[in-house]
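Novice: One structure coming up, written as structure tokens, with questions to follow.
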Amino acid sequence: MAEPQPADIPEDAPTGTAEDRRAAAALSSLDTHDDASADKRDVDSEALGNAMKNLGGGKQKEAKKEVESKKVKIDMKDVSLLAEHLELSKPKVTELLKAHEGDAVRAMKAYVSTSA
Amino acid sequence: MSQSQQLPQLPPKESSLFRQVVKNYEAKQYKKGIKAADQILRKVPDHADTLAMKSLIINSQGKPDEAFALAKKALASKLDPKSEIRGMKSHICWHVYGLLHKHSKNYEEALKAFKFAHSLDPGNPNIMRDMSQLQVQIRDYQGYIQSRTEMLKQRASIRQNWTALALAHHLKGDLAEAEKVLTMYEDTLKSPPTKTDIEHSEAVLYKNSIIAEAGDVERALEHLDTIRKDNLDRTSVMELRAQYLLQLGRKEEAQIAYRALIKRNNEYRNYYEGLEKSLDLDRSNAEHKKQLKALYESFAQESERLDAARRIPLDFLQGEDFEAAVDAYLRRMLEKGVPSTFTNVKALYADPAKQATIQQLITKYAAEKETNGSGDAETNGESASGFQKAVLYFLAQHYDYHLSRDLNKATEYIEKALTLTPTSVDLNRTKARIIKHTGDTEAASRQMNHAREQDLRDRYINTKCAKYQLRNNENDSAIETMSKFTRNETAGGPLGDLHDMQCMWFLTEDAESFQRRGILNLALKRYKSLYDIFDVWSDDQYDFHTFSLRKGQIRAYVDMIRWEDNLRSHPMFTRMALSAVKIYLNLADNPKLSSGQVNGEDTAVEKKANRKAKKEKEAREKAEAEKKEAERKSGKKSTGADGESKKEDPDPEGKVLLATKTPLEDAMKFLAPVLEFSPKSVEGQNLGFEVFIRRRKYLLALKCLLAAAALDPESPVVHEQAIRLRYTLDALSEPLAIPVAEVIKSSFTLVPAQASLAAHNDSYLNENKQSVSHIRHGLKTRQFLDLKTLPQNEKDLMESIKLPSATVDDVVKGISVLKEWNSEQAVRKSFVDVAREKWPNVTAFKSA
């Protein structure tokens, strides 16, 4: 992939000669409206500004969720034991241990017996 | 790419030259670009940004190593001879560095570089676009949301940016937020978009699909009703509406909706299914069956050409009703001479009563024509013999089908049919198929080639022929056959083109053929190519992250992303991956194999095969050398399908792959995706056990064993593996870590802990005296526990294939078990002799 590219050359276009490219650019503009110019007319800029302010409202919820799941105490020895015997990455092991309240035996048992 | 203000600027002339370089790169005028870059560098030696641009161009010319060296130099070089600021501070250098990593598929490093570039020049749209694309490619949805939010803030007037942000939330699973973003944009529109605005039309349907995905069908329907009037995708709108109505239990309206859909496309089975449900008709209810029958009859009356309404009732009708319906159906099809008639009805054979009815009817048709054939021939002329041909063809396929197989009868009918039309491709092909089922792959291959010769321009039959040749281990003839439809000027000739075209079935069959003959290096080479093709498919999605957004086809894009996420669950992946794992297990058990030498004690066949392979290899090498010579003379480099010059493969024979020092680790590459994406594959779990027990990962071996036992509790492999695991654990020299031992103690209960394993196995053998596969694995276990039982095991194994239930497959597996046991040649020979007596035609035993 050759990048950066100018916006008017679509990735799928043959980029052989200058003429090819002009033809491709013309082709692609057939079915896409030139968004920058066309949309500006229809968009209410004031409403747009308001909408922008409302962006990203839902982020606080997630942060709370993460805090809750961090309460379980995890022994680092267990993490490396499980990582070795189950061949999982450390974050995955931690997740697995957390789901079983840090109990290594229970976590391994659950992992081994989940089929499919 | 705009220079940030605080960084030192080039002199005006060089500055414009630099812009020229960027332009040249974008227009793929690489030579010009390098020339201009060198011009700047003469004036401003080691100018970091210019070096970076130059390295990018060099990379595009196919010299990644050189490019990386130059890009690293750029990062360390000064931006201006007068200042101390180096390339590390330039977003251009980092951007280029990221692009190089992206090009070499090192996505993690590329993302790091892009993030750096982004922090140096936060507003740069090019960097942001590249970064966001990469984030969705590696499924970093959190990062993708962030990038997309920033991009939206920069250019909020573009709808694409809003849709993209919604998409990011959607992919992360936050449906409510996704919908909110889409609605926010819609609210900013002053006037409704034009009716021909496809982007708008797709975006609202996308929003509708999100609402439905969130489970709020009621609201999805409401929303759909507000947009359905001018939506451009009428089919989707109608289908969704019918579906929602049905889900909501508004059956009266659903019925009308489905009837309207059937009017548009009366062969699409799903519509009929929807209609049945909205009418509350149950196929297993006798009363409902009558209504269903009447319903489909009314549809059938509407059109003479309609198949669906005639075929569907065969699925649920029983007894006399079925007989009448299937009689009418078969007569109609056979009189027209439809070649696919058998294929259309063979699904019904799962029901033995239906199979018997069809057999009885079709035999009756054949008899009818024979008794009054001569009298009718003149009046009916062509059509009578057409019907007769179709009946004979049907009968041949009927007796060839595995649920109703009688190969003698099949042969009889196909020969009769062939006397009527000896040059028919279909008939000759079916004959080859029948021969294949007798096990005589050699004759089958010859016959399929004969079929191919009836129509040399038919690509389908050509392909079939190549497949039959591969089944008969004729790899070279198969390539020759394929070459009639490949681009042979491609680098690597026909085989190279088959790789370029990602012709998976061919590569798989080719590999399996090599594997059967013990030419493991070439088999591994093909499996590796197949593995790589899946990687290519994964990389192929890259371009669509922007392309689909620009075209506004979001629903199709989401489907694609989800398909890509489960790419390696494809059966073709499982098939080739498991074969590759088998080779690696073989290599792990017999390290001698990896040096390319086969066991010292070869049978005559293997020697012959090896000699043949060697000859083939020499011929190939010669041809290759000649080609290179010719290329050198003509001064041209061979090019691939896309016109790019191809790099030469340093290991065309797969010898490097074979010489691996870590076969089990290599096997994991193939095994892990199978265990992750196709956990229901019993064979996958069985092989997983074999790999893990050799790697001493006992918990993982146990996991595979338990999974296999849950999928197929009666599996003889589970019995064998359970005993082997118990034996291995008992014989461990060092005890396992305490928690691990505890897990095994409580989870591994398949074999009683204190039992004598030998006694346990003996009682297993006693209980399973009729199943060849159970006996085989019981014997394998006995041999594993006590090497002295070999003579008895060999004798019992031979007796087992005399059982009536034994199959050709059992013999093939038996032969490999004998090999595993290192049995004497005489034992192996007498084993094959027994098999040959029972199955005289099977090529696999003939030459043994």
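Identifiers for the structure tokens are assigned positionally: chains receive A, B, ... in sequence, residues are indexed from 1 per chain, and ligands are indexed from 1 in the order shown.
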Which residues come within 10 Å of Gly337 (chain B), counting only C-alpha atoms, excluding same-chain residues fewer than 5 positions away, as a ChimeraX atom specification?

Specialist: /B:331-332,383,385-391,393

Novice: For chain B versus chain A, which residues have an atom no more than 6 Å away, and what is each residue's nearest atom pair and distance in Å rounded to one decimal, using only C-alpha atoms, chain-then-number order, as a Markdown table?

Specialist:
| residue | atom | partner | partner_atom | distance |
| --- | --- | --- | --- | --- |
| B:Glu26 | CA | A:Gln5 | CA | 5.6 |
| B:Met184 | CA | A:Ala51 | CA | 5.9 |
| B:Thr188 | CA | A:Ala47 | CA | 5.1 |
| B:Leu189 | CA | A:Val43 | CA | 4.7 |
| B:Lys190 | CA | A:Asp42 | CA | 5.5 |
| B:Pro679 | CA | A:Ala116 | CA | 5.0 |
| B:Lys703 | CA | A:Val112 | CA | 4.5 |
| B:Ala707 | CA | A:Ser115 | CA | 4.7 |
| B:Pro739 | CA | A:Val105 | CA | 5.5 |
| B:Val743 | CA | A:Lys109 | CA | 5.7 |

Novice: Restricted to N, CA, C and O atoms, what would the selected residues look like written as a PDB file, in the first residue's frame?

Specialist:
ATOM      1  N   GLU B  26       3.494   9.988  -4.186  1.00  0.00           N
ATOM      2  CA  GLU B  26       2.063   9.697  -4.276  1.00  0.00           C
ATOM      3  C   GLU B  26       1.672   9.255  -5.676  1.00  0.00           C
ATOM      4  O   GLU B  26       0.759   8.448  -5.850  1.00  0.00           O
ATOM      5  N   MET B 184     -27.452  11.611  16.402  1.00  0.00           N
ATOM      6  CA  MET B 184     -26.937  12.981  16.544  1.00  0.00           C
ATOM      7  C   MET B 184     -26.681  13.597  15.196  1.00  0.00           C
ATOM      8  O   MET B 184     -27.011  14.749  14.950  1.00  0.00           O
ATOM      9  N   THR B 188     -28.760  16.872  12.887  1.00  0.00           N
ATOM     10  CA  THR B 188     -28.165  18.118  12.412  1.00  0.00           C
ATOM     11  C   THR B 188     -28.572  18.431  10.982  1.00  0.00           C
ATOM     12  O   THR B 188     -28.266  19.497  10.462  1.00  0.00           O
ATOM     13  N   LEU B 189     -29.234  17.493  10.317  1.00  0.00           N
ATOM     14  CA  LEU B 189     -29.623  17.749   8.932  1.00  0.00           C
ATOM     15  C   LEU B 189     -30.792  18.717   8.887  1.00  0.00           C
ATOM     16  O   LEU B 189     -31.797  18.526   9.573  1.00  0.00           O
ATOM     17  N   LYS B 190     -30.651  19.769   8.073  1.00  0.00           N
ATOM     18  CA  LYS B 190     -31.720  20.756   7.979  1.00  0.00           C
ATOM     19  C   LYS B 190     -32.870  20.242   7.140  1.00  0.00           C
ATOM     20  O   LYS B 190     -34.027  20.322   7.502  1.00  0.00           O
ATOM     21  N   PRO B 679     -13.470 -25.887  18.013  1.00  0.00           N
ATOM     22  CA  PRO B 679     -13.304 -26.768  19.171  1.00  0.00           C
ATOM     23  C   PRO B 679     -14.159 -28.031  19.059  1.00  0.00           C
ATOM     24  O   PRO B 679     -13.961 -28.971  19.801  1.00  0.00           O
ATOM     25  N   LYS B 703      -7.234 -31.184  28.931  1.00  0.00           N
ATOM     26  CA  LYS B 703      -8.327 -30.360  28.401  1.00  0.00           C
ATOM     27  C   LYS B 703      -8.804 -30.915  27.058  1.00  0.00           C
ATOM     28  O   LYS B 703     -10.003 -31.055  26.830  1.00  0.00           O
ATOM     29  N   ALA B 707     -12.430 -32.633  26.284  1.00  0.00           N
ATOM     30  CA  ALA B 707     -13.267 -32.079  25.219  1.00  0.00           C
ATOM     31  C   ALA B 707     -13.657 -33.180  24.239  1.00  0.00           C
ATOM     32  O   ALA B 707     -14.821 -33.280  23.832  1.00  0.00           O
ATOM     33  N   PRO B 739      -0.801 -27.477  43.026  1.00  0.00           N
ATOM     34  CA  PRO B 739      -2.136 -27.139  42.497  1.00  0.00           C
ATOM     35  C   PRO B 739      -2.458 -27.904  41.218  1.00  0.00           C
ATOM     36  O   PRO B 739      -3.594 -28.326  41.000  1.00  0.00           O
ATOM     37  N   VAL B 743      -5.612 -30.421  40.470  1.00  0.00           N
ATOM     38  CA  VAL B 743      -6.568 -30.276  39.366  1.00  0.00           C
ATOM     39  C   VAL B 743      -6.705 -31.595  38.629  1.00  0.00           C
ATOM     40  O   VAL B 743      -7.817 -32.050  38.321  1.00  0.00           O
TER      41      VAL B 743
END

Novice: Which polymer residues have any atom within 10 Å of an atom of Glu799 (chain B), counting only C-alpha atoms, with same-chain residues fewer than 6 positions away left out, as a list in words?

Specialist: Val772, Ile775, Asn793, Phe831 and Val834 of chain B

Novice: What would the file look like if the residues just selected were written as a PDB file, in the first residue's frame with N, CA and C atoms?

Specialist:
ATOM      1  N   VAL B 772     -13.949 -52.487  14.545  1.00  0.00           N
ATOM      2  CA  VAL B 772     -12.545 -52.559  14.151  1.00  0.00           C
ATOM      3  C   VAL B 772     -11.731 -51.433  14.795  1.00  0.00           C
ATOM      4  N   ILE B 775     -11.095 -52.108  18.463  1.00  0.00           N
ATOM      5  CA  ILE B 775     -10.077 -53.146  18.627  1.00  0.00           C
ATOM      6  C   ILE B 775      -8.693 -52.559  18.355  1.00  0.00           C
ATOM      7  N   ASN B 793      -0.670 -58.916  19.374  1.00  0.00           N
ATOM      8  CA  ASN B 793      -1.320 -57.719  18.851  1.00  0.00           C
ATOM      9  C   ASN B 793      -1.404 -57.749  17.338  1.00  0.00           C
ATOM     10  N   PHE B 831      -0.519 -58.959   6.279  1.00  0.00           N
ATOM     11  CA  PHE B 831      -1.657 -58.087   6.615  1.00  0.00           C
ATOM     12  C   PHE B 831      -2.285 -57.544   5.334  1.00  0.00           C
ATOM     13  N   VAL B 834      -4.207 -60.149   3.288  1.00  0.00           N
ATOM     14  CA  VAL B 834      -5.570 -60.376   3.752  1.00  0.00           C
ATOM     15  C   VAL B 834      -6.495 -59.301   3.175  1.00  0.00           C
TER      16      VAL B 834
END
